[in-house]
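S.K.: Below is the file input02.tsv, which contains TSV, C-alpha atoms (C1' of nucleotides).
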chain	number	residue	atom	x	y	z
A	1	MET	CA	-22.61	-86.82	30.21
A	2	ASP	CA	-22.50	-84.22	32.78
A	3	ALA	CA	-18.96	-83.53	33.71
A	4	THR	CA	-19.42	-80.77	36.18
A	5	VAL	CA	-15.70	-80.66	36.53
A	6	LYS	CA	-14.03	-77.47	35.59
A	7	ARG	CA	-10.66	-77.35	34.09
A	8	LYS	CA	-9.52	-75.31	31.18
A	9	VAL	CA	-8.46	-77.38	28.30
A	10	ARG	CA	-8.66	-74.78	25.64
A	11	SER	CA	-8.54	-71.11	25.20
A	12	PRO	CA	-8.57	-68.91	28.25
A	13	LYS	CA	-11.80	-67.37	29.25
A	14	SER	CA	-11.05	-64.09	27.65
A	15	ALA	CA	-11.33	-65.68	24.23
A	16	ARG	CA	-15.05	-66.20	24.72
A	17	PRO	CA	-17.10	-63.02	24.90
A	18	PRO	CA	-18.55	-62.51	28.34
A	19	PRO	CA	-22.26	-63.33	28.36
A	20	LEU	CA	-23.54	-60.00	29.49
A	21	GLN	CA	-26.97	-60.70	28.14
A	22	PRO	CA	-27.34	-64.43	28.51
A	23	VAL	CA	-28.51	-65.83	25.20
A	24	GLU	CA	-30.18	-68.69	26.95
A	25	PRO	CA	-32.76	-68.53	29.72
A	26	ALA	CA	-30.30	-70.43	31.91
A	27	HIS	CA	-33.02	-72.79	32.99
A	28	GLU	CA	-30.93	-75.89	33.39
A	29	SER	CA	-27.61	-74.36	32.69
A	30	ASP	CA	-25.11	-75.41	35.23
A	31	GLY	CA	-21.64	-74.06	34.90
A	32	ALA	CA	-20.69	-76.67	32.35
A	33	HIS	CA	-18.81	-75.75	29.25
A	34	LEU	CA	-20.80	-74.84	26.20
A	35	GLU	CA	-19.32	-77.77	24.33
A	36	LEU	CA	-20.60	-80.21	26.89
A	37	ARG	CA	-24.07	-78.80	26.78
A	38	ILE	CA	-24.12	-78.88	23.01
A	39	TRP	CA	-23.13	-82.50	23.02
A	40	LEU	CA	-25.81	-83.33	25.55
A	41	ARG	CA	-28.55	-81.66	23.58
A	42	LEU	CA	-27.31	-83.12	20.35
A	43	LEU	CA	-27.41	-86.59	21.80
A	44	THR	CA	-30.83	-86.07	23.32
A	45	CYS	CA	-32.37	-84.79	20.12
A	46	ALA	CA	-30.83	-87.50	17.98
A	47	THR	CA	-31.86	-90.26	20.36
A	48	ARG	CA	-35.40	-88.99	20.63
A	49	ILE	CA	-35.88	-88.71	16.90
A	50	GLU	CA	-34.21	-92.02	16.25
A	51	LYS	CA	-36.42	-93.84	18.70
A	52	ALA	CA	-39.54	-92.25	17.27
A	53	LEU	CA	-38.63	-93.15	13.71
A	54	ASN	CA	-37.61	-96.66	14.64
A	55	ALA	CA	-40.85	-97.30	16.48
A	56	ARG	CA	-42.92	-96.11	13.57
A	57	LEU	CA	-40.93	-98.01	10.98
A	58	ARG	CA	-41.39	-101.13	13.04
A	59	LYS	CA	-45.08	-100.60	13.53
A	60	GLU	CA	-45.99	-99.54	10.02
A	61	PHE	CA	-43.50	-101.46	7.88
A	62	ASN	CA	-42.11	-104.06	10.25
A	63	THR	CA	-38.63	-102.87	9.51
A	64	THR	CA	-35.85	-100.99	11.13
A	65	LEU	CA	-33.94	-97.75	10.74
A	66	ALA	CA	-30.77	-99.63	9.80
A	67	ARG	CA	-32.58	-101.43	6.99
A	68	PHE	CA	-34.21	-98.23	5.85
A	69	ASP	CA	-30.93	-96.36	5.81
A	70	LEU	CA	-29.27	-99.08	3.79
A	71	LEU	CA	-32.07	-98.98	1.23
A	72	ALA	CA	-31.83	-95.20	1.16
A	73	GLN	CA	-28.15	-95.36	0.31
A	74	LEU	CA	-28.80	-97.78	-2.51
A	75	ALA	CA	-31.73	-95.73	-3.73
A	76	ARG	CA	-29.51	-92.79	-4.44
A	77	ARG	CA	-26.88	-94.92	-6.18
A	78	PRO	CA	-28.23	-96.46	-9.38
A	79	ASP	CA	-24.89	-98.15	-9.93
A	80	GLY	CA	-25.09	-99.81	-6.57
A	81	ALA	CA	-22.47	-99.99	-3.87
A	82	SER	CA	-20.20	-102.54	-2.31
A	83	MET	CA	-20.60	-103.88	1.19
A	84	SER	CA	-17.67	-101.84	2.44
A	85	GLU	CA	-18.97	-98.67	0.88
A	86	VAL	CA	-22.30	-99.18	2.56
A	87	SER	CA	-20.55	-100.03	5.78
A	88	ASP	CA	-18.72	-96.72	5.66
A	89	LEU	CA	-21.78	-94.76	4.66
A	90	LEU	CA	-23.87	-96.12	7.49
A	91	MET	CA	-21.00	-96.00	9.98
A	92	VAL	CA	-21.67	-99.60	10.91
A	93	SER	CA	-19.25	-102.51	11.13
A	94	ASN	CA	-18.77	-104.96	8.29
A	95	GLY	CA	-20.27	-107.83	10.20
A	96	ALA	CA	-23.49	-105.94	10.73
A	97	ILE	CA	-23.71	-105.15	7.03
A	98	THR	CA	-23.39	-108.80	6.14
A	99	ALA	CA	-26.36	-109.67	8.30
A	100	LEU	CA	-28.42	-106.73	7.10
A	101	VAL	CA	-27.75	-107.49	3.46
A	102	GLN	CA	-28.55	-111.16	3.85
A	103	LYS	CA	-31.94	-110.35	5.26
A	104	LEU	CA	-32.72	-107.65	2.75
A	105	GLU	CA	-31.75	-110.01	-0.06
A	106	ALA	CA	-33.85	-112.81	1.39
A	107	ASP	CA	-36.74	-110.36	1.54
A	108	GLY	CA	-36.22	-109.55	-2.11
A	109	MET	CA	-35.48	-105.89	-1.49
A	110	ILE	CA	-32.00	-105.86	-2.96
A	111	HIS	CA	-29.85	-107.77	-5.44
A	112	ARG	CA	-26.33	-108.85	-4.72
A	113	GLU	CA	-24.14	-109.68	-7.68
A	114	VAL	CA	-20.43	-110.40	-7.70
A	115	ASP	CA	-18.39	-107.69	-9.30
A	116	SER	CA	-17.09	-108.88	-12.64
A	117	ALA	CA	-13.77	-107.13	-12.17
A	118	ASP	CA	-13.07	-108.11	-8.58
A	119	ARG	CA	-14.55	-111.31	-7.34
A	120	ARG	CA	-14.09	-110.31	-3.74
A	121	THR	CA	-16.65	-107.55	-3.84
A	122	PHE	CA	-20.39	-107.60	-4.21
A	123	ARG	CA	-22.41	-105.01	-6.02
A	124	LEU	CA	-25.57	-104.22	-4.11
A	125	ARG	CA	-28.55	-102.76	-5.90
A	126	LEU	CA	-32.13	-102.04	-5.06
A	127	SER	CA	-34.51	-104.54	-6.65
A	128	GLN	CA	-37.69	-103.29	-8.29
A	129	ASP	CA	-39.76	-104.45	-5.35
A	130	GLY	CA	-37.21	-102.90	-3.05
A	131	ALA	CA	-37.43	-99.60	-4.86
A	132	LYS	CA	-41.20	-99.58	-4.62
A	133	GLU	CA	-41.26	-100.53	-0.97
A	134	PHE	CA	-38.55	-98.03	-0.19
A	135	GLY	CA	-40.59	-95.36	-1.94
A	136	ARG	CA	-43.54	-96.05	0.35
A	137	MET	CA	-41.36	-96.00	3.42
A	138	ALA	CA	-39.51	-92.90	2.34
A	139	ARG	CA	-42.73	-90.95	1.95
A	140	ARG	CA	-43.89	-91.82	5.42
A	141	HIS	CA	-40.44	-91.30	6.84
A	142	GLU	CA	-40.32	-87.85	5.36
A	143	GLU	CA	-43.69	-87.00	6.84
A	144	TRP	CA	-42.52	-88.12	10.24
A	145	VAL	CA	-39.33	-86.14	10.11
A	146	ILE	CA	-41.19	-83.07	8.95
A	147	ALA	CA	-43.65	-83.48	11.77
A	148	LEU	CA	-40.81	-83.77	14.27
A	149	ILE	CA	-38.55	-81.01	13.06
A	150	GLY	CA	-40.88	-78.92	10.96
A	151	GLU	CA	-42.21	-76.92	13.85
A	152	LEU	CA	-39.02	-74.94	13.85
A	153	SER	CA	-39.27	-71.81	11.80
A	154	PRO	CA	-37.71	-71.93	8.35
A	155	VAL	CA	-35.03	-69.56	9.51
A	156	ALA	CA	-34.21	-71.66	12.54
A	157	GLN	CA	-34.09	-74.74	10.35
A	158	SER	CA	-31.74	-73.17	7.91
A	159	ASP	CA	-29.51	-71.93	10.69
A	160	LEU	CA	-29.50	-75.28	12.39
A	161	LEU	CA	-28.56	-77.06	9.20
A	162	GLN	CA	-25.75	-74.64	8.61
A	163	HIS	CA	-24.34	-75.15	12.05
A	164	LEU	CA	-24.62	-78.89	11.91
A	165	THR	CA	-22.91	-78.88	8.56
A	166	LEU	CA	-20.13	-76.83	10.03
A	167	LEU	CA	-19.83	-79.20	12.96
A	168	LYS	CA	-19.76	-82.21	10.68
A	169	ARG	CA	-16.95	-80.66	8.68
A	170	ARG	CA	-14.92	-80.13	11.83
A	171	LEU	CA	-15.54	-83.69	12.88
A	172	ASP	CA	-14.40	-84.88	9.47
A	173	LYS	CA	-11.15	-83.02	9.86
A	174	HIS	CA	-10.73	-84.33	13.36
A	175	ALA	CA	-10.84	-87.92	12.14
B	176	MET	CA	-48.31	-91.17	18.25
B	177	ASP	CA	-49.90	-91.07	14.89
B	178	ALA	CA	-49.00	-88.92	11.98
B	179	THR	CA	-51.11	-91.21	9.87
B	180	VAL	CA	-53.09	-90.16	6.88
B	181	LYS	CA	-51.93	-86.70	6.15
B	182	ARG	CA	-50.56	-85.42	2.93
B	183	LYS	CA	-49.38	-82.15	4.29
B	184	VAL	CA	-48.32	-82.47	7.84
B	185	ARG	CA	-47.44	-78.86	8.17
B	186	SER	CA	-48.11	-75.58	6.59
B	187	PRO	CA	-48.37	-75.31	2.82
B	188	LYS	CA	-45.35	-74.37	0.83
B	189	SER	CA	-46.25	-70.74	0.64
B	190	ALA	CA	-45.52	-70.44	4.34
B	191	ARG	CA	-41.86	-70.94	3.66
B	192	PRO	CA	-40.20	-67.95	2.02
B	193	PRO	CA	-38.86	-68.72	-1.43
B	194	PRO	CA	-35.06	-69.07	-1.27
B	195	LEU	CA	-34.18	-66.27	-3.59
B	196	GLN	CA	-30.76	-65.98	-2.07
B	197	PRO	CA	-29.88	-69.49	-1.03
B	198	VAL	CA	-28.57	-69.39	2.50
B	199	GLU	CA	-26.55	-72.50	1.91
B	200	PRO	CA	-23.92	-73.08	-0.75
B	201	ALA	CA	-26.03	-75.95	-2.05
B	202	HIS	CA	-22.98	-78.18	-2.17
B	203	GLU	CA	-24.57	-81.52	-1.62
B	204	SER	CA	-28.13	-80.35	-1.54
B	205	ASP	CA	-30.40	-82.61	-3.42
B	206	GLY	CA	-34.01	-81.59	-3.56
B	207	ALA	CA	-34.71	-83.08	-0.17
B	208	HIS	CA	-36.62	-81.15	2.43
B	209	LEU	CA	-34.66	-79.12	4.88
B	210	GLU	CA	-36.02	-81.21	7.69
B	211	LEU	CA	-34.63	-84.38	6.18
B	212	ARG	CA	-31.23	-82.91	5.75
B	213	ILE	CA	-31.19	-81.61	9.28
B	214	TRP	CA	-32.07	-85.03	10.60
B	215	LEU	CA	-29.36	-86.63	8.54
B	216	ARG	CA	-26.67	-84.27	9.74
B	217	LEU	CA	-27.87	-84.47	13.30
B	218	LEU	CA	-27.64	-88.23	13.25
B	219	THR	CA	-24.25	-88.18	11.60
B	220	CYS	CA	-22.77	-85.77	14.10
B	221	ALA	CA	-24.23	-87.56	17.09
B	222	THR	CA	-23.08	-90.96	15.90
B	223	ARG	CA	-19.59	-89.76	15.15
B	224	ILE	CA	-19.15	-88.12	18.52
B	225	GLU	CA	-20.71	-91.03	20.34
B	226	LYS	CA	-18.41	-93.54	18.71
B	227	ALA	CA	-15.37	-91.42	19.44
B	228	LEU	CA	-16.27	-91.00	23.09
B	229	ASN	CA	-17.15	-94.63	23.49
B	230	ALA	CA	-13.89	-95.79	21.98
B	231	ARG	CA	-11.88	-93.55	24.25
B	232	LEU	CA	-13.79	-94.45	27.36
B	233	ARG	CA	-13.21	-98.10	26.56
B	234	LYS	CA	-9.54	-97.65	25.89
B	235	GLU	CA	-8.69	-95.36	28.75
B	236	PHE	CA	-11.11	-96.47	31.46
B	237	ASN	CA	-12.39	-99.79	30.20
B	238	THR	CA	-15.91	-98.53	30.51
B	239	THR	CA	-18.75	-97.44	28.33
B	240	LEU	CA	-20.75	-94.35	27.55
B	241	ALA	CA	-23.85	-95.84	29.13
B	242	ARG	CA	-22.01	-96.49	32.37
B	243	PHE	CA	-20.47	-93.05	32.30
B	244	ASP	CA	-23.82	-91.38	31.68
B	245	LEU	CA	-25.41	-93.25	34.54
B	246	LEU	CA	-22.63	-92.16	36.88
B	247	ALA	CA	-23.01	-88.61	35.60
B	248	GLN	CA	-26.67	-88.57	36.48
B	249	LEU	CA	-25.95	-89.81	39.96
B	250	ALA	CA	-23.10	-87.36	40.34
B	251	ARG	CA	-25.44	-84.42	39.99
B	252	ARG	CA	-27.98	-85.91	42.37
B	253	PRO	CA	-26.58	-86.17	45.89
B	254	ASP	CA	-29.86	-87.65	47.05
B	255	GLY	CA	-29.58	-90.39	44.49
B	256	ALA	CA	-32.18	-91.60	42.06
B	257	SER	CA	-34.34	-94.62	41.51
B	258	MET	CA	-33.89	-97.08	38.70
B	259	SER	CA	-36.87	-95.71	36.83
B	260	GLU	CA	-35.68	-92.16	37.15
B	261	VAL	CA	-32.33	-93.12	35.74
B	262	SER	CA	-34.05	-95.10	33.04
B	263	ASP	CA	-35.99	-92.04	31.99
B	264	LEU	CA	-33.02	-89.74	32.21
B	265	LEU	CA	-30.87	-91.93	30.04
B	266	MET	CA	-33.73	-92.83	27.71
B	267	VAL	CA	-32.87	-96.45	28.08
B	268	SER	CA	-35.15	-99.36	28.91
B	269	ASN	CA	-35.61	-100.66	32.44
B	270	GLY	CA	-33.97	-103.95	31.69
B	271	ALA	CA	-30.83	-102.27	30.53
B	272	ILE	CA	-30.69	-100.23	33.70
B	273	THR	CA	-30.93	-103.35	35.80
B	274	ALA	CA	-27.90	-104.84	34.08
B	275	LEU	CA	-25.96	-101.59	34.17
B	276	VAL	CA	-26.63	-101.04	37.84
B	277	GLN	CA	-25.69	-104.59	38.77
B	278	LYS	CA	-22.33	-104.21	37.13
B	279	LEU	CA	-21.66	-100.79	38.53
B	280	GLU	CA	-22.55	-102.02	41.99
B	281	ALA	CA	-20.36	-105.07	41.61
B	282	ASP	CA	-17.54	-102.75	40.58
B	283	GLY	CA	-18.12	-100.70	43.71
B	284	MET	CA	-18.97	-97.55	41.81
B	285	ILE	CA	-22.45	-97.11	43.21
B	286	HIS	CA	-24.54	-98.06	46.23
B	287	ARG	CA	-28.01	-99.45	45.95
B	288	GLU	CA	-30.18	-99.25	49.02
B	289	VAL	CA	-33.86	-100.02	49.32
B	290	ASP	CA	-35.96	-96.98	49.89
B	291	SER	CA	-37.22	-96.99	53.44
B	292	ALA	CA	-40.60	-95.63	52.41
B	293	ASP	CA	-41.23	-97.84	49.40
B	294	ARG	CA	-39.67	-101.24	49.32
B	295	ARG	CA	-40.15	-101.55	45.60
B	296	THR	CA	-37.71	-98.85	44.72
B	297	PHE	CA	-33.99	-98.64	45.08
B	298	ARG	CA	-32.06	-95.54	45.84
B	299	LEU	CA	-28.93	-95.37	43.74
B	300	ARG	CA	-26.01	-93.29	44.89
B	301	LEU	CA	-22.45	-92.78	43.83
B	302	SER	CA	-19.99	-94.47	46.17
B	303	GLN	CA	-16.88	-92.62	47.23
B	304	ASP	CA	-14.77	-94.68	44.89
B	305	GLY	CA	-17.36	-94.13	42.20
B	306	ALA	CA	-17.26	-90.40	42.70
B	307	LYS	CA	-13.50	-90.35	42.46
B	308	GLU	CA	-13.38	-92.53	39.39
B	309	PHE	CA	-16.18	-90.56	37.79
B	310	GLY	CA	-14.23	-87.39	38.44
B	311	ARG	CA	-11.28	-88.76	36.55
B	312	MET	CA	-13.45	-89.89	33.67
B	313	ALA	CA	-15.38	-86.65	33.57
B	314	ARG	CA	-12.24	-84.59	33.22
B	315	ARG	CA	-11.04	-86.62	30.26
B	316	HIS	CA	-14.52	-86.74	28.79
B	317	GLU	CA	-14.76	-83.01	28.93
B	318	GLU	CA	-11.44	-82.64	27.22
B	319	TRP	CA	-12.55	-84.95	24.44
B	320	VAL	CA	-15.82	-83.16	23.89
B	321	ILE	CA	-14.10	-79.82	23.83
B	322	ALA	CA	-11.59	-81.13	21.34
B	323	LEU	CA	-14.40	-82.41	19.14
B	324	ILE	CA	-16.73	-79.45	19.28
B	325	GLY	CA	-14.50	-76.69	20.45
B	326	GLU	CA	-13.21	-75.82	17.03
B	327	LEU	CA	-16.47	-74.10	16.32
B	328	SER	CA	-16.32	-70.42	17.07
B	329	PRO	CA	-17.92	-69.33	20.34
B	330	VAL	CA	-20.68	-67.64	18.38
B	331	ALA	CA	-21.39	-70.74	16.35
B	332	GLN	CA	-21.43	-72.79	19.52
B	333	SER	CA	-23.85	-70.52	21.23
B	334	ASP	CA	-26.10	-70.46	18.17
B	335	LEU	CA	-25.99	-74.19	17.83
B	336	LEU	CA	-26.89	-74.70	21.45
B	337	GLN	CA	-29.80	-72.33	21.12
B	338	HIS	CA	-31.16	-74.12	18.11
B	339	LEU	CA	-30.74	-77.54	19.62
B	340	THR	CA	-32.48	-76.34	22.75
B	341	LEU	CA	-35.32	-75.07	20.64
B	342	LEU	CA	-35.53	-78.37	18.80
B	343	LYS	CA	-35.50	-80.32	22.03
B	344	ARG	CA	-38.36	-78.23	23.33
B	345	ARG	CA	-40.41	-78.97	20.24
B	346	LEU	CA	-39.65	-82.65	20.55
B	347	ASP	CA	-40.77	-82.51	24.17
B	348	LYS	CA	-44.07	-81.05	23.16
B	349	HIS	CA	-44.44	-83.56	20.39
B	350	ALA	CA	-44.20	-86.46	22.83
C	351	DC	C1'	6.89	-115.85	-10.62
C	352	DA	C1'	6.31	-116.72	-6.03
C	353	DA	C1'	5.99	-114.63	-1.47
C	354	DT	C1'	3.91	-111.12	0.92
C	355	DA	C1'	0.89	-107.45	1.71
C	356	DA	C1'	-3.50	-105.42	1.08
C	357	DT	C1'	-8.43	-105.60	0.48
C	358	DG	C1'	-13.41	-107.35	0.76
C	359	DT	C1'	-16.40	-110.19	3.12
C	360	DT	C1'	-17.91	-113.58	6.54
C	361	DT	C1'	-17.90	-115.85	10.95
C	362	DC	C1'	-17.79	-115.92	15.81
C	363	DA	C1'	-18.16	-114.88	20.59
C	364	DC	C1'	-19.62	-111.29	23.19
C	365	DT	C1'	-22.13	-107.26	24.75
C	366	DC	C1'	-25.89	-104.19	24.88
C	367	DT	C1'	-30.78	-103.14	24.16
C	368	DT	C1'	-35.50	-103.85	23.89
C	369	DA	C1'	-40.32	-105.26	24.62
C	370	DA	C1'	-43.11	-107.96	27.09
C	371	DA	C1'	-44.23	-111.08	30.77
C	372	DA	C1'	-43.46	-112.01	35.58
C	373	DT	C1'	-42.93	-110.56	40.27
C	374	DA	C1'	-43.25	-107.67	44.17
C	375	DT	C1'	-44.99	-103.84	46.48
C	376	DC	C1'	-47.85	-99.92	47.22
C	377	DT	C1'	-52.49	-97.19	46.66
C	378	DT	C1'	-57.29	-96.55	46.22
C	379	DG	C1'	-62.16	-96.89	46.44
C	380	DT	C1'	-65.67	-98.95	48.64
D	381	DA	C1'	-59.82	-104.45	55.08
D	382	DC	C1'	-59.45	-105.99	50.44
D	383	DA	C1'	-59.86	-106.53	45.58
D	384	DA	C1'	-58.37	-103.97	41.65
D	385	DG	C1'	-55.20	-101.25	39.73
D	386	DA	C1'	-50.87	-98.68	39.63
D	387	DT	C1'	-45.98	-98.61	40.06
D	388	DA	C1'	-41.01	-100.44	40.45
D	389	DT	C1'	-37.98	-103.79	39.23
D	390	DT	C1'	-36.34	-108.23	37.21
D	391	DT	C1'	-36.38	-111.83	33.95
D	392	DT	C1'	-36.43	-113.57	29.40
D	393	DA	C1'	-35.95	-114.23	24.52
D	394	DA	C1'	-34.83	-112.11	20.46
D	395	DG	C1'	-32.44	-108.62	17.63
D	396	DA	C1'	-28.41	-105.90	16.45
D	397	DG	C1'	-23.83	-104.26	16.79
D	398	DT	C1'	-18.74	-104.89	17.67
D	399	DG	C1'	-13.84	-106.31	17.09
D	400	DA	C1'	-10.99	-109.78	15.86
D	401	DA	C1'	-9.89	-113.79	13.43
D	402	DA	C1'	-10.65	-116.47	9.31
D	403	DC	C1'	-11.12	-116.79	4.54
D	404	DA	C1'	-10.92	-115.50	-0.34
D	405	DT	C1'	-9.19	-112.71	-3.82
D	406	DT	C1'	-6.27	-109.24	-5.83
D	407	DA	C1'	-1.88	-106.21	-5.83
D	408	DT	C1'	2.79	-105.50	-5.13
D	409	DT	C1'	7.47	-106.36	-5.20
D	410	DG	C1'	11.99	-108.37	-5.03
Can I see the file as C-alpha cells?

M.R.:
Amino acid sequence: MDATVKRKVRSPKSARPPPLQPVEPAHESDGAHLELRIWLRLLTCATRIEKALNARLRKEFNTTLARFDLLAQLARRPDGASMSEVSDLLMVSNGAITALVQKLEADGMIHREVDSADRRTFRLRLSQDGAKEFGRMARRHEEWVIALIGELSPVAQSDLLQHLTLLKRRLDKHA
Amino acid sequence: MDATVKRKVRSPKSARPPPLQPVEPAHESDGAHLELRIWLRLLTCATRIEKALNARLRKEFNTTLARFDLLAQLARRPDGASMSEVSDLLMVSNGAITALVQKLEADGMIHREVDSADRRTFRLRLSQDGAKEFGRMARRHEEWVIALIGELSPVAQSDLLQHLTLLKRRLDKHA
DNA sequence: CAATAATGTTTCACTCTTAAAATATCTTGT
DNA sequence: ACAAGATATTTTAAGAGTGAAACATTATTG
C-alpha cells in the first residue's frame, strides 16, 4: 500500500503545479505520489464504511451487504435481471451469485423463473415479501450511510461525488 | 454503535441549500440522497481498483494485496510491528494476520522474533529478501496505481485527496 | 443440417476472512 | 505474592468469494 519508492512513470514533475501553499496539512504525507495516497484513503474509507454497514446489517437484519446489494439491484429493476447481469452489477463472480440467489430464494426474498425465450437464463425478481423486507433494510441502511457521510458539508459532498464520478469514468475507460 | 431510533439523523432539509443550479449533470441521478450516491461510487471505485491490483499482483508476483499491504506496513517501520498493530493497520482480524504472517515467514519475506520485554508479542520485521522483493512489487504497484488514477488532472487529484482525507477524519470521529 | 462456437449457470476445490473460544503472558490492587 | 483482569496470539468452525471445469442451451456457419 505504501510504495515509498520513487520513480517517474508519468509526466515529469513540471506538469504538476508546485505546491507552494500545501493544500494538505502534510500530517502523514510522506513523499509518496498523490495517486498512491488517494488510493490509500479511498481504500480506507471504503473498508471502514463497508465494515460498519455489514456489522449493522448482520446485527439488525441478520443479513449481509452482498445480499442487500443484490436485493437493491432487483428493487430498481421491476423487470428483473439475469444471474449474469447481477453478477456484473455487483462485480462478483458467477459462482457467488448462484449461492447468494439460492439462499435468497430459499428465504422467499426473490423469485427465480426460467426465461421463456432462452431456457439457459433465469429471470430474478423481488418477491413481495422481499420488497417489503428490502424496504425496511433500505431505510435503515440509508440512515446509517447518512450518519457516516452526512457530516461532510453539502458542498464537500457534492464535490466528492463529482470527483468520484470522474474517477469511475476513467476506470471504466481503463477497462 | 447505535444509530437506532432516529428519523432524522442529521440536520433538517433546510440546512442543505436548495439545488437551484444543479452542480451535477443529473445523468444517472435518481432521487437518492447524496450520501448514498457517494457511498455507491466510493465502493465501486475501491472495488474496481482493488480487483485490478490484486489480479496483477497475482499474475506478476504470485502474491496478494493483503500480503503486499502487510509488507508495506513493515517497510515503513524499521523497528517492526506486532501482530496486533499490523492487524489494526490493515483493518483485518487477528486470525487472518496469523495466517498471513506464517506464510510470509515461511516464504522468507519477514522475520518474527519474540519481544524481549513481553513474551506474548512478536516483533515482525522485513527480511532482506523481503525488502528487496517488496521493492520490486512496490515499483510495479505504484505504476499500476498511477495508471489507474493518474488520468485525473492534478487539480482533481488534489481535490479528491482532500475530500477523502476529510471523510476519513469524520469516520475516525464516528468510531 | 450437423458441427462448432458462444453464452448462461452450476459445481468444485481452494483461499481468505471473521468472530469467538482457547491459550499464554503480563499487570494491578490489595 | 496472588487472584482477577487485561492483553497478545492462535485455533476453530463457518461463511463467502474465486477461477476453472462441467453442463445445458442457443447461435452461427460451412

S.K.: Could you please tell me, as JSON, numbers by chain, which residues of chain C have an atom within 10 Å of chain A when using all atoms listed in the file?

M.R.: {"C": [357, 358, 359, 360, 361]}

S.K.: Could you write those residues out with C-alpha atoms (C1' of nucleotides), as a PDB file, keeping the file's coordinate frame?

M.R.:
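Result written to selection12.pdb:
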ATOM      1  C1'  DT C 357      -8.430-105.600   0.480  1.00  0.00           C
ATOM      2  C1'  DG C 358     -13.410-107.350   0.760  1.00  0.00           C
ATOM      3  C1'  DT C 359     -16.400-110.190   3.120  1.00  0.00           C
ATOM      4  C1'  DT C 360     -17.910-113.580   6.540  1.00  0.00           C
ATOM      5  C1'  DT C 361     -17.900-115.850  10.950  1.00  0.00           C
TER       6       DT C 361
END

S.K.: Interatomic distance between atom CA of Leu43 of chain A and atom CA of Cys220 of chain B?

M.R.: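 If I compute the distance from atom CA of Leu43 of chain A to atom CA of Cys220 of chain B, I get 9.0 Å.
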
S.K.: If the cut-off is 6 Å, can you tell me the residues of chain B near chain A, counting all atoms listed in the file? I'd like them as a PDB file with C-alpha atoms, in the coordinates of the input.

M.R.:
ATOM      1  CA  GLU B 210     -36.020 -81.210   7.690  1.00  0.00           C
ATOM      2  CA  ILE B 213     -31.190 -81.610   9.280  1.00  0.00           C
ATOM      3  CA  LEU B 218     -27.640 -88.230  13.250  1.00  0.00           C
ATOM      4  CA  CYS B 220     -22.770 -85.770  14.100  1.00  0.00           C
ATOM      5  CA  ALA B 221     -24.230 -87.560  17.090  1.00  0.00           C
ATOM      6  CA  ASP B 244     -23.820 -91.380  31.680  1.00  0.00           C
ATOM      7  CA  ALA B 247     -23.010 -88.610  35.600  1.00  0.00           C
ATOM      8  CA  ALA B 313     -15.380 -86.650  33.570  1.00  0.00           C
ATOM      9  CA  ILE B 321     -14.100 -79.820  23.830  1.00  0.00           C
ATOM     10  CA  ILE B 324     -16.730 -79.450  19.280  1.00  0.00           C
ATOM     11  CA  LEU B 336     -26.890 -74.700  21.450  1.00  0.00           C
ATOM     12  CA  LYS B 343     -35.500 -80.320  22.030  1.00  0.00           C
TER      13      LYS B 343
END

S.K.: Return the Cα root-mean-square deviation, in Å, for chain B superposed on chain A by least squares with the Cα atoms paired in order.

M.R.: 3.2 Å

S.K.: Which one is closest to chain D: A:Asn54, A:Phe61, A:Ser93, A:Leu70? Count only C-alpha atoms (C1' of nucleotides).

M.R.: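 Comparing A:Asn54, A:Phe61, A:Ser93, A:Leu70 against chain D, the winner is A:Ser93.
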
S.K.: Within 7 Å of chain A, which residues of chain D come that close, and what is the closest atom pair and distance in Å for each? Count all atoms listed in the file and give it as JSON lines.

M.R.:
{"residue": "D:DG397", "atom": "C1'", "partner": "A:Ala96", "partner_atom": "CA", "distance": 6.3}
{"residue": "D:DT398", "atom": "C1'", "partner": "A:Ser93", "partner_atom": "CA", "distance": 7.0}
{"residue": "D:DA404", "atom": "C1'", "partner": "A:Arg120", "partner_atom": "CA", "distance": 7.0}
{"residue": "D:DT405", "atom": "C1'", "partner": "A:Arg120", "partner_atom": "CA", "distance": 5.5}

S.K.: Neighbouring residues of DG410 of chain D were defined as those with any atom within 12 Å, considering all atoms listed in the file; residues of the same chain fewer than 4 positions away were excluded. Please report them as a count of residues only.

M.R.: 4

S.K.: Could you state the separation of atom C1' of DA355 of chain C and atom CA of Leu124 of chain A in Å, given to one decimal place?

M.R.: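 Computing the Euclidean distance for atom C1' of DA355 of chain C and atom CA of Leu124 of chain A yields 27.3 Å.
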
S.K.: Go ahead and compute the interatomic distance for atom CA of Lys278 of chain B and atom C1' of DT373 of chain C, in Å to one decimal.

M.R.: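 Here the two named atoms are 21.8 Å from each other.
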
S.K.: Using only C-alpha atoms (C1' of nucleotides), which protein or nucleic acid residues come within 12 Å of DA356 of chain C? Drop anything in the same chain fewer than 3 positions from it, and give the result as a ChimeraX atom specification.

M.R.: /D:405-408

S.K.: N, CA, C and O atoms are what I want for segment 338-342 of chain B; can you complete it accordingly and write them as a PDB file, in the frame of the given file?

M.R.:
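That gives us rebuild.pdb:
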ATOM      1  N   HIS B 338     -30.286 -73.428  19.051  1.00  0.00           N
ATOM      2  CA  HIS B 338     -31.160 -74.120  18.110  1.00  0.00           C
ATOM      3  C   HIS B 338     -31.479 -75.534  18.571  1.00  0.00           C
ATOM      4  O   HIS B 338     -32.603 -76.010  18.428  1.00  0.00           O
ATOM      5  N   LEU B 339     -30.489 -76.184  19.127  1.00  0.00           N
ATOM      6  CA  LEU B 339     -30.740 -77.540  19.620  1.00  0.00           C
ATOM      7  C   LEU B 339     -31.712 -77.499  20.793  1.00  0.00           C
ATOM      8  O   LEU B 339     -32.559 -78.385  20.944  1.00  0.00           O
ATOM      9  N   THR B 340     -31.567 -76.486  21.618  1.00  0.00           N
ATOM     10  CA  THR B 340     -32.480 -76.340  22.750  1.00  0.00           C
ATOM     11  C   THR B 340     -33.901 -76.134  22.252  1.00  0.00           C
ATOM     12  O   THR B 340     -34.854 -76.750  22.749  1.00  0.00           O
ATOM     13  N   LEU B 341     -34.012 -75.303  21.246  1.00  0.00           N
ATOM     14  CA  LEU B 341     -35.320 -75.070  20.640  1.00  0.00           C
ATOM     15  C   LEU B 341     -35.897 -76.379  20.105  1.00  0.00           C
ATOM     16  O   LEU B 341     -37.052 -76.743  20.375  1.00  0.00           O
ATOM     17  N   LEU B 342     -35.064 -77.092  19.373  1.00  0.00           N
ATOM     18  CA  LEU B 342     -35.530 -78.370  18.800  1.00  0.00           C
ATOM     19  C   LEU B 342     -35.961 -79.322  19.893  1.00  0.00           C
ATOM     20  O   LEU B 342     -37.011 -79.955  19.802  1.00  0.00           O
TER      21      LEU B 342
END
